[in-house]
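Shown next: input-v3.cif, given as mmCIF, N, CA and C atoms.
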data_target
loop_
_atom_site.group_PDB
_atom_site.id
_atom_site.type_symbol
_atom_site.label_atom_id
_atom_site.label_comp_id
_atom_site.auth_asym_id
_atom_site.auth_seq_id
_atom_site.Cartn_x
_atom_site.Cartn_y
_atom_site.Cartn_z
ATOM 1 N N MET A 1 70.569 24.859 99.769
ATOM 2 C CA MET A 1 71.424 23.775 100.230
ATOM 3 C C MET A 1 72.864 24.290 100.255
ATOM 4 N N SER A 2 73.553 24.010 101.344
ATOM 5 C CA SER A 2 74.914 24.512 101.496
ATOM 6 C C SER A 2 75.890 23.763 100.580
ATOM 7 N N LYS A 3 76.990 24.424 100.328
ATOM 8 C CA LYS A 3 78.035 23.835 99.478
ATOM 9 C C LYS A 3 78.559 22.535 100.109
ATOM 10 N N ARG A 4 78.649 22.513 101.429
ATOM 11 C CA ARG A 4 79.150 21.320 102.125
ATOM 12 C C ARG A 4 78.226 20.123 101.909
ATOM 13 N N ILE A 5 76.921 20.335 102.029
ATOM 14 C CA ILE A 5 75.965 19.251 101.822
ATOM 15 C C ILE A 5 76.027 18.755 100.382
ATOM 16 N N ILE A 6 76.151 19.667 99.441
ATOM 17 C CA ILE A 6 76.268 19.278 98.023
ATOM 18 C C ILE A 6 77.501 18.404 97.821
ATOM 19 N N GLN A 7 78.615 18.782 98.428
ATOM 20 C CA GLN A 7 79.845 17.992 98.306
ATOM 21 C C GLN A 7 79.691 16.628 98.974
ATOM 22 N N ILE A 8 79.045 16.576 100.110
ATOM 23 C CA ILE A 8 78.826 15.297 100.798
ATOM 24 C C ILE A 8 77.908 14.407 99.974
ATOM 25 N N ASN A 9 76.853 14.990 99.394
ATOM 26 C CA ASN A 9 75.957 14.213 98.531
ATOM 27 C C ASN A 9 76.724 13.587 97.369
ATOM 28 N N GLU A 10 77.588 14.355 96.740
ATOM 29 C CA GLU A 10 78.366 13.845 95.607
ATOM 30 C C GLU A 10 79.354 12.769 96.062
ATOM 31 N N LEU A 11 79.982 12.983 97.210
ATOM 32 C CA LEU A 11 80.916 11.998 97.755
ATOM 33 C C LEU A 11 80.201 10.681 98.059
ATOM 34 N N LEU A 12 79.039 10.763 98.690
ATOM 35 C CA LEU A 12 78.267 9.562 98.992
ATOM 36 C C LEU A 12 77.826 8.860 97.702
ATOM 37 N N ARG A 13 77.354 9.637 96.715
ATOM 38 C CA ARG A 13 76.910 9.044 95.452
ATOM 39 C C ARG A 13 78.049 8.283 94.775
ATOM 40 N N GLU A 14 79.217 8.884 94.775
ATOM 41 C CA GLU A 14 80.389 8.253 94.146
ATOM 42 C C GLU A 14 80.769 6.950 94.857
ATOM 43 N N HIS A 15 80.869 6.982 96.177
ATOM 44 C CA HIS A 15 81.298 5.801 96.925
ATOM 45 C C HIS A 15 80.237 4.698 96.939
ATOM 46 N N ILE A 16 78.984 5.063 97.109
ATOM 47 C CA ILE A 16 77.932 4.047 97.121
ATOM 48 C C ILE A 16 77.793 3.422 95.737
ATOM 49 N N GLY A 17 77.957 4.222 94.684
ATOM 50 C CA GLY A 17 77.939 3.673 93.326
ATOM 51 C C GLY A 17 79.040 2.645 93.127
ATOM 52 N N ASP A 18 80.230 2.933 93.647
ATOM 53 C CA ASP A 18 81.337 1.984 93.559
ATOM 54 C C ASP A 18 81.043 0.725 94.372
ATOM 55 N N ILE A 19 80.432 0.891 95.530
ATOM 56 C CA ILE A 19 80.051 -0.262 96.354
ATOM 57 C C ILE A 19 79.013 -1.102 95.623
ATOM 58 N N PHE A 20 78.065 -0.453 94.935
ATOM 59 C CA PHE A 20 77.074 -1.187 94.128
ATOM 60 C C PHE A 20 77.777 -2.100 93.133
ATOM 61 N N VAL A 21 78.785 -1.574 92.469
ATOM 62 C CA VAL A 21 79.491 -2.343 91.437
ATOM 63 C C VAL A 21 80.210 -3.549 92.039
ATOM 64 N N HIS A 22 80.849 -3.361 93.183
ATOM 65 C CA HIS A 22 81.690 -4.421 93.742
ATOM 66 C C HIS A 22 81.003 -5.332 94.762
ATOM 67 N N ALA A 23 79.997 -4.842 95.461
ATOM 68 C CA ALA A 23 79.445 -5.636 96.565
ATOM 69 C C ALA A 23 78.002 -6.076 96.371
ATOM 70 N N LEU A 24 77.281 -5.443 95.460
ATOM 71 C CA LEU A 24 75.877 -5.771 95.275
ATOM 72 C C LEU A 24 75.731 -6.770 94.139
ATOM 73 N N ASN A 25 75.202 -7.939 94.466
ATOM 74 C CA ASN A 25 75.025 -8.978 93.458
ATOM 75 C C ASN A 25 73.582 -8.983 92.974
ATOM 76 N N LEU A 26 73.391 -8.543 91.736
ATOM 77 C CA LEU A 26 72.068 -8.529 91.123
ATOM 78 C C LEU A 26 72.027 -9.544 89.997
ATOM 79 N N LYS A 27 70.813 -9.893 89.583
ATOM 80 C CA LYS A 27 70.651 -10.818 88.461
ATOM 81 C C LYS A 27 71.304 -10.230 87.217
ATOM 82 N N PRO A 28 71.787 -11.092 86.315
ATOM 83 C CA PRO A 28 72.328 -10.580 85.056
ATOM 84 C C PRO A 28 71.258 -9.799 84.296
ATOM 85 N N GLY A 29 71.654 -8.685 83.700
ATOM 86 C CA GLY A 29 70.731 -7.875 82.926
ATOM 87 C C GLY A 29 69.973 -6.838 83.731
ATOM 88 N N VAL A 30 70.199 -6.784 85.046
ATOM 89 C CA VAL A 30 69.532 -5.799 85.901
ATOM 90 C C VAL A 30 70.555 -4.748 86.292
ATOM 91 N N LEU A 31 70.178 -3.487 86.116
ATOM 92 C CA LEU A 31 71.076 -2.381 86.395
ATOM 93 C C LEU A 31 70.442 -1.438 87.405
ATOM 94 N N ALA A 32 71.165 -1.114 88.456
ATOM 95 C CA ALA A 32 70.712 -0.145 89.463
ATOM 96 C C ALA A 32 71.673 1.034 89.432
ATOM 97 N N THR A 33 71.106 2.239 89.303
ATOM 98 C CA THR A 33 71.891 3.457 89.201
ATOM 99 C C THR A 33 71.434 4.451 90.252
ATOM 100 N N ILE A 34 72.378 5.098 90.897
ATOM 101 C CA ILE A 34 72.042 6.133 91.864
ATOM 102 C C ILE A 34 71.783 7.420 91.094
ATOM 103 N N THR A 35 70.566 7.945 91.224
ATOM 104 C CA THR A 35 70.220 9.164 90.507
ATOM 105 C C THR A 35 70.394 10.410 91.357
ATOM 106 N N LYS A 36 70.233 10.260 92.665
ATOM 107 C CA LYS A 36 70.351 11.431 93.532
ATOM 108 C C LYS A 36 70.602 10.977 94.963
ATOM 109 N N VAL A 37 71.350 11.801 95.687
ATOM 110 C CA VAL A 37 71.554 11.596 97.122
ATOM 111 C C VAL A 37 71.085 12.867 97.816
ATOM 112 N N ASP A 38 70.265 12.702 98.820
ATOM 113 C CA ASP A 38 69.738 13.841 99.560
ATOM 114 C C ASP A 38 70.031 13.635 101.044
ATOM 115 N N THR A 39 71.014 14.376 101.543
ATOM 116 C CA THR A 39 71.456 14.251 102.930
ATOM 117 C C THR A 39 70.820 15.360 103.778
ATOM 118 N N THR A 40 70.405 15.009 104.976
ATOM 119 C CA THR A 40 69.836 16.019 105.879
ATOM 120 C C THR A 40 70.947 16.961 106.344
ATOM 121 N N PRO A 41 70.606 18.202 106.683
ATOM 122 C CA PRO A 41 71.627 19.171 107.120
ATOM 123 C C PRO A 41 72.432 18.736 108.346
ATOM 124 N N ASP A 42 71.833 17.911 109.213
ATOM 125 C CA ASP A 42 72.570 17.457 110.397
ATOM 126 C C ASP A 42 73.391 16.195 110.125
ATOM 127 N N LEU A 43 73.391 15.713 108.884
ATOM 128 C CA LEU A 43 74.169 14.552 108.430
ATOM 129 C C LEU A 43 73.767 13.244 109.112
ATOM 130 N N ARG A 44 72.568 13.164 109.624
ATOM 131 C CA ARG A 44 72.123 11.939 110.292
ATOM 132 C C ARG A 44 71.508 10.929 109.327
ATOM 133 N N ARG A 45 70.919 11.406 108.221
ATOM 134 C CA ARG A 45 70.231 10.518 107.263
ATOM 135 C C ARG A 45 70.583 10.928 105.843
ATOM 136 N N ALA A 46 70.608 9.937 104.969
ATOM 137 C CA ALA A 46 70.792 10.204 103.551
ATOM 138 C C ALA A 46 69.823 9.325 102.770
ATOM 139 N N ASP A 47 68.980 9.957 101.963
ATOM 140 C CA ASP A 47 68.078 9.227 101.080
ATOM 141 C C ASP A 47 68.791 9.026 99.753
ATOM 142 N N ILE A 48 68.906 7.770 99.343
ATOM 143 C CA ILE A 48 69.567 7.418 98.093
ATOM 144 C C ILE A 48 68.479 7.038 97.094
ATOM 145 N N LEU A 49 68.311 7.850 96.041
ATOM 146 C CA LEU A 49 67.314 7.568 95.016
ATOM 147 C C LEU A 49 67.953 6.676 93.959
ATOM 148 N N VAL A 50 67.302 5.555 93.684
ATOM 149 C CA VAL A 50 67.861 4.535 92.800
ATOM 150 C C VAL A 50 66.938 4.328 91.605
ATOM 151 N N SER A 51 67.524 4.378 90.421
ATOM 152 C CA SER A 51 66.808 4.081 89.191
ATOM 153 C C SER A 51 67.147 2.642 88.797
ATOM 154 N N VAL A 52 66.153 1.910 88.285
ATOM 155 C CA VAL A 52 66.350 0.496 87.959
ATOM 156 C C VAL A 52 66.001 0.254 86.500
ATOM 157 N N PHE A 53 66.852 -0.504 85.819
ATOM 158 C CA PHE A 53 66.576 -0.925 84.446
ATOM 159 C C PHE A 53 66.757 -2.427 84.364
ATOM 160 N N PRO A 54 65.824 -3.159 83.839
ATOM 161 C CA PRO A 54 64.478 -2.755 83.438
ATOM 162 C C PRO A 54 63.629 -2.454 84.666
ATOM 163 N N GLU A 55 62.700 -1.543 84.495
ATOM 164 C CA GLU A 55 61.896 -1.078 85.631
ATOM 165 C C GLU A 55 61.037 -2.187 86.232
ATOM 166 N N SER A 56 60.758 -3.212 85.455
ATOM 167 C CA SER A 56 59.961 -4.333 85.975
ATOM 168 C C SER A 56 60.686 -5.071 87.103
ATOM 169 N N GLU A 57 61.978 -4.873 87.224
ATOM 170 C CA GLU A 57 62.782 -5.512 88.277
ATOM 171 C C GLU A 57 62.981 -4.599 89.491
ATOM 172 N N SER A 58 62.231 -3.511 89.573
ATOM 173 C CA SER A 58 62.443 -2.551 90.659
ATOM 174 C C SER A 58 62.172 -3.154 92.037
ATOM 175 N N ASP A 59 61.136 -3.976 92.154
ATOM 176 C CA ASP A 59 60.862 -4.609 93.455
ATOM 177 C C ASP A 59 62.007 -5.523 93.874
ATOM 178 N N TYR A 60 62.532 -6.282 92.926
ATOM 179 C CA TYR A 60 63.668 -7.179 93.199
ATOM 180 C C TYR A 60 64.871 -6.370 93.696
ATOM 181 N N VAL A 61 65.198 -5.274 92.996
ATOM 182 C CA VAL A 61 66.369 -4.470 93.359
ATOM 183 C C VAL A 61 66.167 -3.803 94.713
ATOM 184 N N MET A 62 64.982 -3.259 94.957
ATOM 185 C CA MET A 62 64.737 -2.589 96.237
ATOM 186 C C MET A 62 64.794 -3.580 97.401
ATOM 187 N N ASN A 63 64.312 -4.801 97.184
ATOM 188 C CA ASN A 63 64.426 -5.830 98.226
ATOM 189 C C ASN A 63 65.878 -6.222 98.452
ATOM 190 N N ALA A 64 66.651 -6.318 97.364
ATOM 191 C CA ALA A 64 68.080 -6.637 97.491
ATOM 192 C C ALA A 64 68.803 -5.534 98.261
ATOM 193 N N LEU A 65 68.471 -4.282 97.978
ATOM 194 C CA LEU A 65 69.104 -3.173 98.691
ATOM 195 C C LEU A 65 68.705 -3.169 100.162
ATOM 196 N N LYS A 66 67.462 -3.479 100.434
ATOM 197 C CA LYS A 66 67.004 -3.551 101.821
ATOM 198 C C LYS A 66 67.748 -4.656 102.568
ATOM 199 N N ARG A 67 67.935 -5.783 101.894
ATOM 200 C CA ARG A 67 68.619 -6.928 102.494
ATOM 201 C C ARG A 67 70.108 -6.627 102.712
ATOM 202 N N GLU A 68 70.719 -5.894 101.780
ATOM 203 C CA GLU A 68 72.161 -5.623 101.820
ATOM 204 C C GLU A 68 72.503 -4.255 102.425
ATOM 205 N N LYS A 69 71.513 -3.575 102.970
ATOM 206 C CA LYS A 69 71.706 -2.211 103.470
ATOM 207 C C LYS A 69 72.876 -2.116 104.455
ATOM 208 N N TRP A 70 72.931 -3.026 105.415
ATOM 209 C CA TRP A 70 73.985 -2.940 106.442
ATOM 210 C C TRP A 70 75.351 -3.280 105.875
ATOM 211 N N LYS A 71 75.394 -4.161 104.895
ATOM 212 C CA LYS A 71 76.660 -4.471 104.228
ATOM 213 C C LYS A 71 77.177 -3.231 103.477
ATOM 214 N N ILE A 72 76.270 -2.535 102.813
ATOM 215 C CA ILE A 72 76.641 -1.317 102.093
ATOM 216 C C ILE A 72 77.066 -0.235 103.082
ATOM 217 N N GLN A 73 76.311 -0.089 104.162
ATOM 218 C CA GLN A 73 76.634 0.902 105.191
ATOM 219 C C GLN A 73 78.019 0.629 105.787
ATOM 220 N N LYS A 74 78.311 -0.629 106.079
ATOM 221 C CA LYS A 74 79.609 -1.000 106.653
ATOM 222 C C LYS A 74 80.749 -0.706 105.671
ATOM 223 N N ALA A 75 80.539 -1.012 104.401
ATOM 224 C CA ALA A 75 81.562 -0.725 103.393
ATOM 225 C C ALA A 75 81.792 0.782 103.268
ATOM 226 N N LEU A 76 80.731 1.557 103.407
ATOM 227 C CA LEU A 76 80.864 3.014 103.358
ATOM 228 C C LEU A 76 81.627 3.528 104.577
ATOM 229 N N TYR A 77 81.346 2.975 105.762
ATOM 230 C CA TYR A 77 82.087 3.343 106.975
ATOM 231 C C TYR A 77 83.583 3.087 106.799
ATOM 232 N N ALA A 78 83.924 1.984 106.137
ATOM 233 C CA ALA A 78 85.338 1.650 105.943
ATOM 234 C C ALA A 78 86.028 2.619 104.985
ATOM 235 N N ARG A 79 85.261 3.245 104.090
ATOM 236 C CA ARG A 79 85.846 4.146 103.092
ATOM 237 C C ARG A 79 85.934 5.597 103.555
ATOM 238 N N LEU A 80 84.945 6.039 104.321
ATOM 239 C CA LEU A 80 84.862 7.454 104.675
ATOM 240 C C LEU A 80 85.136 7.653 106.158
ATOM 241 N N TYR A 81 85.877 8.691 106.453
ATOM 242 C CA TYR A 81 86.206 9.010 107.840
ATOM 243 C C TYR A 81 85.541 10.343 108.183
ATOM 244 N N MET A 82 84.234 10.299 108.346
ATOM 245 C CA MET A 82 83.512 11.502 108.729
ATOM 246 C C MET A 82 82.507 11.136 109.811
ATOM 247 N N LYS A 83 82.269 12.079 110.692
ATOM 248 C CA LYS A 83 81.303 11.841 111.759
ATOM 249 C C LYS A 83 80.361 13.019 111.799
ATOM 250 N N PRO A 84 79.094 12.761 111.883
ATOM 251 C CA PRO A 84 78.467 11.440 111.771
ATOM 252 C C PRO A 84 78.375 11.022 110.319
ATOM 253 N N LEU A 85 78.429 9.754 110.078
ATOM 254 C CA LEU A 85 78.196 9.227 108.738
ATOM 255 C C LEU A 85 76.706 8.920 108.652
ATOM 256 N N PRO A 86 76.025 9.461 107.638
ATOM 257 C CA PRO A 86 74.565 9.315 107.583
ATOM 258 C C PRO A 86 74.096 7.868 107.476
ATOM 259 N N LYS A 87 72.969 7.592 108.089
ATOM 260 C CA LYS A 87 72.305 6.301 107.919
ATOM 261 C C LYS A 87 71.617 6.345 106.560
ATOM 262 N N LEU A 88 71.753 5.275 105.800
ATOM 263 C CA LEU A 88 71.251 5.247 104.428
ATOM 264 C C LEU A 88 69.836 4.691 104.357
ATOM 265 N N SER A 89 69.051 5.264 103.479
ATOM 266 C CA SER A 89 67.754 4.672 103.125
ATOM 267 C C SER A 89 67.639 4.751 101.606
ATOM 268 N N PHE A 90 67.258 3.637 101.002
ATOM 269 C CA PHE A 90 67.175 3.536 99.553
ATOM 270 C C PHE A 90 65.731 3.689 99.104
ATOM 271 N N LEU A 91 65.521 4.565 98.114
ATOM 272 C CA LEU A 91 64.190 4.829 97.590
ATOM 273 C C LEU A 91 64.210 4.656 96.072
ATOM 274 N N PHE A 92 63.124 4.138 95.532
ATOM 275 C CA PHE A 92 63.012 3.962 94.090
ATOM 276 C C PHE A 92 62.724 5.311 93.434
ATOM 277 N N ASP A 93 63.426 5.606 92.355
ATOM 278 C CA ASP A 93 63.246 6.858 91.620
ATOM 279 C C ASP A 93 62.545 6.563 90.292
ATOM 280 N N PRO A 94 61.259 6.914 90.160
ATOM 281 C CA PRO A 94 60.505 6.618 88.938
ATOM 282 C C PRO A 94 60.652 7.679 87.852
ATOM 283 N N THR A 95 61.608 8.579 87.955
ATOM 284 C CA THR A 95 61.746 9.686 87.023
ATOM 285 C C THR A 95 61.899 9.213 85.579
ATOM 286 N N ALA A 96 62.674 8.169 85.347
ATOM 287 C CA ALA A 96 62.908 7.703 83.977
ATOM 288 C C ALA A 96 61.613 7.239 83.322
ATOM 289 N N SER A 97 60.788 6.497 84.045
ATOM 290 C CA SER A 97 59.529 6.025 83.458
ATOM 291 C C SER A 97 58.568 7.181 83.224
ATOM 292 N N LYS A 98 58.569 8.163 84.117
ATOM 293 C CA LYS A 98 57.715 9.333 83.916
ATOM 294 C C LYS A 98 58.159 10.125 82.697
ATOM 295 N N ALA A 99 59.467 10.243 82.491
ATOM 296 C CA ALA A 99 59.984 10.943 81.324
ATOM 297 C C ALA A 99 59.592 10.205 80.042
ATOM 298 N N ASP A 100 59.672 8.874 80.045
ATOM 299 C CA ASP A 100 59.257 8.086 78.884
ATOM 300 C C ASP A 100 57.778 8.282 78.591
ATOM 301 N N GLU A 101 56.972 8.311 79.645
ATOM 302 C CA GLU A 101 55.534 8.490 79.477
ATOM 303 C C GLU A 101 55.217 9.860 78.870
ATOM 304 N N ILE A 102 55.872 10.899 79.349
ATOM 305 C CA ILE A 102 55.674 12.245 78.808
ATOM 306 C C ILE A 102 56.114 12.308 77.351
ATOM 307 N N GLU A 103 57.239 11.656 77.049
ATOM 308 C CA GLU A 103 57.732 11.629 75.672
ATOM 309 C C GLU A 103 56.737 10.929 74.747
ATOM 310 N N ARG A 104 56.157 9.808 75.205
ATOM 311 C CA ARG A 104 55.145 9.104 74.397
ATOM 312 C C ARG A 104 53.916 9.974 74.165
ATOM 313 N N ILE A 105 53.504 10.712 75.188
ATOM 314 C CA ILE A 105 52.334 11.584 75.042
ATOM 315 C C ILE A 105 52.626 12.690 74.035
ATOM 316 N N LEU A 106 53.811 13.272 74.127
ATOM 317 C CA LEU A 106 54.180 14.336 73.182
ATOM 318 C C LEU A 106 54.251 13.809 71.753
ATOM 319 N N LYS A 107 54.770 12.616 71.563
ATOM 320 C CA LYS A 107 54.841 12.033 70.223
ATOM 321 C C LYS A 107 53.445 11.744 69.677
ATOM 322 N N SER A 108 52.526 11.341 70.562
ATOM 323 C CA SER A 108 51.162 11.043 70.109
ATOM 324 C C SER A 108 50.419 12.313 69.695
ATOM 325 N N LEU A 109 50.838 13.462 70.206
ATOM 326 C CA LEU A 109 50.201 14.728 69.851
ATOM 327 C C LEU A 109 50.631 15.232 68.466
ATOM 328 N N GLU A 110 51.734 14.744 67.967
ATOM 329 C CA GLU A 110 52.249 15.202 66.665
ATOM 330 C C GLU A 110 51.425 14.739 65.522
#
Could you take the file, read its structure, and then write that structure out as structure tokens?
Amino acid sequence: MSKRIIQINELLREHIGDIFVHALNLKPGVLATITKVDTTPDLRRADILVSVFPESESDYVMNALKREKWKIQKALYARLYMKPLPKLSFLFDPTASKADEIERILKSLE
């Protein structure tokens, strides 16, 4: 992955995270965190991996992101002056639950 793509991924993660805080209205006690941004080399698409706590609310958060996708995209357009600005797609990142499961298995082996 080129240095430019890495920098764009970090820039998108930072700005979208800020947009989450200010523009995304979630139920109290639900937290959505961007774990990774993966932008295509041609800058046409960006997959945003989102971790949700508590994980039982993941469907709710993913539906909220799907519903608010264009609002988030528009807010990102207003912040960044780059062309092309990638189209966003939000994906659930189950890494945290998998890590917990592995940790439980390791503890049970002791």
Next on the checklist: Residues within 9 Å of stretch 90-101 of chain A, please, as a VMD selection string. Count only C-alpha atoms; anything in the same chain fewer than 3 positions from it doesn't count.
Outcome noted: chain A and resid 34 to 36 46 to 52 55 58 to 59 62 65 to 66 69 104 to 106
Checklist entry - Which polymer residues have any atom within 8 Å of an atom of stretch 16-22 of chain A, counting all atoms listed in the file, with same-chain residues fewer than 4 positions away left out, as a PyMOL selection string? => result chain A and resi 10-12+26+32-34+72+75-76
Keeping N, CA and C atoms, export the residues of the selection given above as a PDB file, in the coordinates of the input.
ATOM      1  N   GLU A  10      77.588  14.355  96.740  1.00  0.00           N
ATOM      2  CA  GLU A  10      78.366  13.845  95.607  1.00  0.00           C
ATOM      3  C   GLU A  10      79.354  12.769  96.062  1.00  0.00           C
ATOM      4  N   LEU A  11      79.982  12.983  97.210  1.00  0.00           N
ATOM      5  CA  LEU A  11      80.916  11.998  97.755  1.00  0.00           C
ATOM      6  C   LEU A  11      80.201  10.681  98.059  1.00  0.00           C
ATOM      7  N   LEU A  12      79.039  10.763  98.690  1.00  0.00           N
ATOM      8  CA  LEU A  12      78.267   9.562  98.992  1.00  0.00           C
ATOM      9  C   LEU A  12      77.826   8.860  97.702  1.00  0.00           C
ATOM     10  N   LEU A  26      73.391  -8.543  91.736  1.00  0.00           N
ATOM     11  CA  LEU A  26      72.068  -8.529  91.123  1.00  0.00           C
ATOM     12  C   LEU A  26      72.027  -9.544  89.997  1.00  0.00           C
ATOM     13  N   ALA A  32      71.165  -1.114  88.456  1.00  0.00           N
ATOM     14  CA  ALA A  32      70.712  -0.145  89.463  1.00  0.00           C
ATOM     15  C   ALA A  32      71.673   1.034  89.432  1.00  0.00           C
ATOM     16  N   THR A  33      71.106   2.239  89.303  1.00  0.00           N
ATOM     17  CA  THR A  33      71.891   3.457  89.201  1.00  0.00           C
ATOM     18  C   THR A  33      71.434   4.451  90.252  1.00  0.00           C
ATOM     19  N   ILE A  34      72.378   5.098  90.897  1.00  0.00           N
ATOM     20  CA  ILE A  34      72.042   6.133  91.864  1.00  0.00           C
ATOM     21  C   ILE A  34      71.783   7.420  91.094  1.00  0.00           C
ATOM     22  N   ILE A  72      76.270  -2.535 102.813  1.00  0.00           N
ATOM     23  CA  ILE A  72      76.641  -1.317 102.093  1.00  0.00           C
ATOM     24  C   ILE A  72      77.066  -0.235 103.082  1.00  0.00           C
ATOM     25  N   ALA A  75      80.539  -1.012 104.401  1.00  0.00           N
ATOM     26  CA  ALA A  75      81.562  -0.725 103.393  1.00  0.00           C
ATOM     27  C   ALA A  75      81.792   0.782 103.268  1.00  0.00           C
ATOM     28  N   LEU A  76      80.731   1.557 103.407  1.00  0.00           N
ATOM     29  CA  LEU A  76      80.864   3.014 103.358  1.00  0.00           C
ATOM     30  C   LEU A  76      81.627   3.528 104.577  1.00  0.00           C
TER      31      LEU A  76
END
Centre, edges in Å (one decimal): axis-aligned box, stretch 59-67 of chain A, 6 Å padding on all six sides, as AutoDock Vina command-line options:
--center_x 65.5 --center_y -4.9 --center_z 97.4 --size_x 21.2 --size_y 16.6 --size_z 22.6
Checklist entry - Closest to A:Val61 among A:Leu24, A:Ile6, A:Arg13, A:Thr40, using only C-alpha atoms? => result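 Result for the nearest residue to A:Val61: A:Leu24.
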Item to check | Those of chain A in DSSP strand (DSSP E), formatted as a list in words | outcome: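 So, restricting chain A to strand (DSSP E), we get Leu31, Ala32, Thr33, Ile34, Thr35, Lys36, Val37, Asp38, Thr39, Arg45, Ala46, Asp47, Ile48, Leu49, Val50, Ser51, Val52, Phe53, Lys87, Leu88, Ser89, Phe90, Leu91 and Phe92 of chain A.
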Restrict the selected residues to N, CA and C atoms and save them as a compact mmCIF listing (two decimals), in the coordinates of the input.
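part.txt was written with the following content:
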# COMPACT_ATOMS: atom_id res chain seq x y z
N LEU A 31 70.18 -3.49 86.12
CA LEU A 31 71.08 -2.38 86.40
C LEU A 31 70.44 -1.44 87.40
N ALA A 32 71.17 -1.11 88.46
CA ALA A 32 70.71 -0.14 89.46
C ALA A 32 71.67 1.03 89.43
N THR A 33 71.11 2.24 89.30
CA THR A 33 71.89 3.46 89.20
C THR A 33 71.43 4.45 90.25
N ILE A 34 72.38 5.10 90.90
CA ILE A 34 72.04 6.13 91.86
C ILE A 34 71.78 7.42 91.09
N THR A 35 70.57 7.94 91.22
CA THR A 35 70.22 9.16 90.51
C THR A 35 70.39 10.41 91.36
N LYS A 36 70.23 10.26 92.66
CA LYS A 36 70.35 11.43 93.53
C LYS A 36 70.60 10.98 94.96
N VAL A 37 71.35 11.80 95.69
CA VAL A 37 71.55 11.60 97.12
C VAL A 37 71.08 12.87 97.82
N ASP A 38 70.26 12.70 98.82
CA ASP A 38 69.74 13.84 99.56
C ASP A 38 70.03 13.64 101.04
N THR A 39 71.01 14.38 101.54
CA THR A 39 71.46 14.25 102.93
C THR A 39 70.82 15.36 103.78
N ARG A 45 70.92 11.41 108.22
CA ARG A 45 70.23 10.52 107.26
C ARG A 45 70.58 10.93 105.84
N ALA A 46 70.61 9.94 104.97
CA ALA A 46 70.79 10.20 103.55
C ALA A 46 69.82 9.32 102.77
N ASP A 47 68.98 9.96 101.96
CA ASP A 47 68.08 9.23 101.08
C ASP A 47 68.79 9.03 99.75
N ILE A 48 68.91 7.77 99.34
CA ILE A 48 69.57 7.42 98.09
C ILE A 48 68.48 7.04 97.09
N LEU A 49 68.31 7.85 96.04
CA LEU A 49 67.31 7.57 95.02
C LEU A 49 67.95 6.68 93.96
N VAL A 50 67.30 5.56 93.68
CA VAL A 50 67.86 4.54 92.80
C VAL A 50 66.94 4.33 91.60
N SER A 51 67.52 4.38 90.42
CA SER A 51 66.81 4.08 89.19
C SER A 51 67.15 2.64 88.80
N VAL A 52 66.15 1.91 88.28
CA VAL A 52 66.35 0.50 87.96
C VAL A 52 66.00 0.25 86.50
N PHE A 53 66.85 -0.50 85.82
CA PHE A 53 66.58 -0.92 84.45
C PHE A 53 66.76 -2.43 84.36
N LYS A 87 72.97 7.59 108.09
CA LYS A 87 72.31 6.30 107.92
C LYS A 87 71.62 6.34 106.56
N LEU A 88 71.75 5.28 105.80
CA LEU A 88 71.25 5.25 104.43
C LEU A 88 69.84 4.69 104.36
N SER A 89 69.05 5.26 103.48
CA SER A 89 67.75 4.67 103.12
C SER A 89 67.64 4.75 101.61
N PHE A 90 67.26 3.64 101.00
CA PHE A 90 67.18 3.54 99.55
C PHE A 90 65.73 3.69 99.10
N LEU A 91 65.52 4.57 98.11
CA LEU A 91 64.19 4.83 97.59
C LEU A 91 64.21 4.66 96.07
N PHE A 92 63.12 4.14 95.53
CA PHE A 92 63.01 3.96 94.09
C PHE A 92 62.72 5.31 93.43
Next on the checklist: What does the structure give for the distance between atom C of A:Leu31 and atom N of A:Lys87, in Å to one decimal?
Outcome noted: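 Those two atoms sit 22.7 Å apart.
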Item to check | DSSP-assigned helix (DSSP H, G or I) among chain A, expressed as JSON, numbers by chain | outcome: {"A": [3, 4, 5, 6, 7, 8, 9, 10, 11, 12, 13, 14, 15, 16, 17, 18, 19, 20, 21, 22, 23, 55, 56, 57, 58, 59, 60, 61, 62, 63, 64, 65, 66, 67, 68, 69, 70, 71, 72, 73, 74, 75, 76, 77, 78, 79, 95, 96, 97, 98, 99, 100, 101, 102, 103, 104, 105, 106, 107, 108, 109]}
Checklist entry - To one decimal place, how far is atom N of A:Ser56 from atom N of A:Val30 in Å? => result 10.1 Å
Next on the checklist: If I take atom CA of A:Ser89 and atom CA of A:Val37, how far is one from the other in Å, to one decimal?
Outcome noted: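 These atoms are spaced 9.9 Å apart.
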Item to check | Residue nearest A:Arg44 among A:Leu85, A:Met1, A:Ile102, A:Leu109 (counting all atoms listed in the file) | outcome: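 Looking at the shortest contact to A:Arg44, the residue is A:Leu85.
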Next on the checklist: I'd like to know which of A:Asp38, A:Glu110, A:Glu14, A:Glu57 is closest to A:Arg79, using only C-alpha atoms.
Outcome noted: A:Glu14
Checklist entry - Which of these residues is nearest to A:Ile5, using only C-alpha atoms: A:Pro86, A:Trp70, A:Tyr81, A:Ala23? => result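 Closest to A:Ile5 of all the choices is A:Pro86.
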Checklist entry - Nearest to A:Pro84 among A:Arg45, A:Lys107, A:Arg4, A:Lys71, with distances taken over only N, CA and C atoms: which residue is it? => result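 Nearest to A:Pro84: A:Arg45.
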